[in-house]
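Read through the structure below, which is laid out as structure tokens, and then see the notes.
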Amino acid sequence: MVKVEFLGPIQKEPLELEITNLKQLADILQKDEELAQWLENSAVAVNDTLVRSLDFELKENDKISLLPPVCGG
Amino acid sequence: MVKVEFLGPIQKEPLELEITNLKQLADILQKDEELAQWLENSAVAVNDTLVRSLDFELKENDKISLLPPVCGG
Amino acid sequence: MLYLYDGALDVPNILKTWYEAEASSNYGAYIPFVGTVRDESQIEGLSFDIYEPILKSWFITWEQKAKEKGAIIKMAHSRGDVMLHESSYIAAVFSPKRRVALEFIDAFVEDFKASAPIWKYDLKNGKRIYASDRSTALNGSGILGVKK
Amino acid sequence: MLYLYDGALDVPNILKTWYEAEASSNYGAYIPFVGTVRDESQIEGLSFDIYEPILKSWFITWEQKAKEKGAIIKMAHSRGDVMLHESSYIAAVFSPKRRVALEFIDAFVEDFKASAPIWKYDLKNGKRIYASDRSTALNGSGILGVKK
């Protein structure tokens, strides 16, 4: 099982999912209409490291974070 | 009469000279061996405005300043 | 060092503390950048969310870049609400010589704006409204989106 | 504004005074540059001569350039002796947005180094030795020299 958390302005509770790669995550999240606006412009981190490709295998207990557009300062 | 002052590290007392242009000033100062090292790398101001050319007429009571290389900060 | 505070920053105190901490480190140049909330668009202030784990690792990579130049960096940022004319952000560089410091503060602040995992909200009529128009998608964003 | 002091600058106090003076001016970015005397070449400190009339007119032209960008500048400099790890120079810019401030502080500090009528001396064994190796001839220098 992996945990998925939604950061900043994405108003959504964390999910716990039985998946083994990010392609599966994309398939699941794309079915959630609330998330449509965020998937196109959010970055993805696995265990707090940004990943740039869906070709990424997940391990048990991985933490996945969605990071929408930022504006510090 | 004009007054000539030497700024910063140029160790020389001010001069009062009866001259009407900067070419005359150059002729006089070039005869001063102490100044040789400074004339090549000093800028000239007349009444606190930098001038870039010897073609500059002087008026009575003008103040001429020699400014050697700078290093503020 | 990275310092996070709840609410507005005490800018004079932070600038003084950092200056004094490096007073004997033999850096010739100290350049802080201070960001202050402007009165514009009828806001009452701004509010910030920070994702600390990734902010900290981003900051560590910049500390390493600074070290390669013989420089050090410090940064302070607010969490939560910061009202008009209060300050929410200070980034600073110390380096032996001025050119490194002048170039580094620019690159550091610009990458902060593009990469730091911080989300900004306008405070308007007591509500917290995501500043989507001023926000920048992180590098690599969109991989979960529908392929076109 | 331009401020000249005898001896070292009280950096925390100057940074605080300037910050507070512009606290309600609605500038989003404040960038001070602080120059500190480094321990190098066995010096005990530095010493400065300033020619104020031309420094003031130089500063006024930079105030005008700042105004054209919607920004303001402030500067403080020491006269006389400043010992190791003390500070002799602060230049600062305030502007509504960060890009103007980041670009302006760089151009302002660099032109200061090239153009401000200030002379620097090393303090060594109690003597004041002109820092000729670090000094820059002003634009237009040499017109009184022998034509070659």
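By convention in this document, the chains of the structure tokens carry letters A, B, ... by their order, each chain's residues are numbered from 1, and ligands are numbered from 1 in the order they are shown.
For B:Glu60, the non-local neighbours within 12 Å, defined as residues at least 6 positions apart in the same chain or in other chains and counting only C-alpha atoms, are B:Met1, B:Val2, B:Lys3, B:Glu16, B:Leu17, B:Glu18, B:Ile19, B:Thr20, B:Asn21, B:Val46, B:Asn47.
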Output as a list in words all residues of chain B that backbone DSSP marks as strand (DSSP E).
->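 Across chain B, those assigned strand (DSSP E) are Val2, Lys3, Val4, Glu5, Phe6, Leu15, Glu16, Leu17, Ala43, Val44, Ala45, Val46, Thr49, Leu50, Val51, Lys63, Ile64, Ser65, Leu66 and Leu67 of chain B.
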Would you kindly return, as a ChimeraX atom specification, each protein, DNA or RNA residue with an atom no farther than 12 Å from any atom of B:Lys12, considering only C-alpha atoms and excluding same-chain residues fewer than 3 positions away?
-> /B:4-9,15,29,32-35,38,65-66
Kindly determine which residues of chain D lie within 10 Å of chain B, considering only C-alpha atoms, and give the answer as a PyMOL selection string.
-> chain D and resi 34-37+48-55+57-58+76-78+87-91+109+112-121+128-147
What residues in chain D have any atom no more than 8 Å from chain C when counting only C-alpha atoms, and can you write them as a PyMOL selection string?
-> chain D and resi 11-12+15-16+19+23-24+26-39+85-86+96+102+105-106
Just the helix (DSSP H, G or I) stuff from chain C, please, per backbone DSSP, written as number ranges by chain.
-> C: 11-21, 52-68, 98-115, 132-134
Writer output for current selection, C-alpha atoms, as an mmCIF file, in the first residue's frame:
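And here is the file that came out, out_21.cif:
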data_model
loop_
_atom_site.group_PDB
_atom_site.id
_atom_site.type_symbol
_atom_site.label_atom_id
_atom_site.label_comp_id
_atom_site.auth_asym_id
_atom_site.auth_seq_id
_atom_site.Cartn_x
_atom_site.Cartn_y
_atom_site.Cartn_z
ATOM 1 C CA VAL C 11 13.252 41.805 9.612
ATOM 2 C CA PRO C 12 15.577 44.133 11.600
ATOM 3 C CA ASN C 13 16.257 41.419 14.127
ATOM 4 C CA ILE C 14 16.914 38.716 11.529
ATOM 5 C CA LEU C 15 19.230 40.955 9.477
ATOM 6 C CA LYS C 16 21.116 41.863 12.651
ATOM 7 C CA THR C 17 21.379 38.273 13.888
ATOM 8 C CA TRP C 18 22.723 37.027 10.563
ATOM 9 C CA TYR C 19 25.178 39.930 10.238
ATOM 10 C CA GLU C 20 26.521 39.373 13.737
ATOM 11 C CA ALA C 21 26.710 35.595 13.295
ATOM 12 C CA GLU C 52 9.003 21.531 4.588
ATOM 13 C CA PRO C 53 10.680 18.244 3.550
ATOM 14 C CA ILE C 54 11.151 19.342 -0.057
ATOM 15 C CA LEU C 55 11.915 22.952 0.900
ATOM 16 C CA LYS C 56 14.717 21.679 3.117
ATOM 17 C CA SER C 57 16.237 19.456 0.439
ATOM 18 C CA TRP C 58 15.974 22.294 -2.127
ATOM 19 C CA PHE C 59 17.746 24.573 0.344
ATOM 20 C CA ILE C 60 20.522 22.028 0.933
ATOM 21 C CA THR C 61 21.287 21.890 -2.794
ATOM 22 C CA TRP C 62 21.661 25.691 -2.766
ATOM 23 C CA GLU C 63 23.892 25.540 0.303
ATOM 24 C CA GLN C 64 26.109 23.187 -1.667
ATOM 25 C CA LYS C 65 26.162 25.513 -4.696
ATOM 26 C CA ALA C 66 27.081 28.394 -2.378
ATOM 27 C CA LYS C 67 29.873 26.379 -0.791
ATOM 28 C CA GLU C 68 31.402 25.694 -4.215
ATOM 29 C CA ARG C 98 31.098 41.201 -4.300
ATOM 30 C CA ARG C 99 30.639 39.639 -7.784
ATOM 31 C CA VAL C 100 29.829 36.199 -6.376
ATOM 32 C CA ALA C 101 27.355 37.693 -3.911
ATOM 33 C CA LEU C 102 25.599 39.859 -6.524
ATOM 34 C CA GLU C 103 25.241 36.981 -8.979
ATOM 35 C CA PHE C 104 24.321 34.435 -6.334
ATOM 36 C CA ILE C 105 21.525 36.413 -4.702
ATOM 37 C CA ASP C 106 19.868 36.843 -8.116
ATOM 38 C CA ALA C 107 20.092 33.156 -9.076
ATOM 39 C CA PHE C 108 19.053 32.021 -5.591
ATOM 40 C CA VAL C 109 15.976 34.269 -5.376
ATOM 41 C CA GLU C 110 14.870 33.408 -8.925
ATOM 42 C CA ASP C 111 15.168 29.675 -8.349
ATOM 43 C CA PHE C 112 13.351 30.088 -5.041
ATOM 44 C CA LYS C 113 10.448 31.644 -6.939
ATOM 45 C CA ALA C 114 10.440 28.810 -9.496
ATOM 46 C CA SER C 115 11.145 25.841 -7.239
ATOM 47 C CA SER C 132 -3.076 30.800 -9.023
ATOM 48 C CA ASP C 133 -2.370 33.710 -11.400
ATOM 49 C CA ARG C 134 1.036 34.333 -9.771
#
State, in Å with one decimal place, the distance from atom CA of D:Ser95 to atom CA of D:Met75.
->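 Calculated distance between atom CA of D:Ser95 and atom CA of D:Met75 is 15.0 Å.
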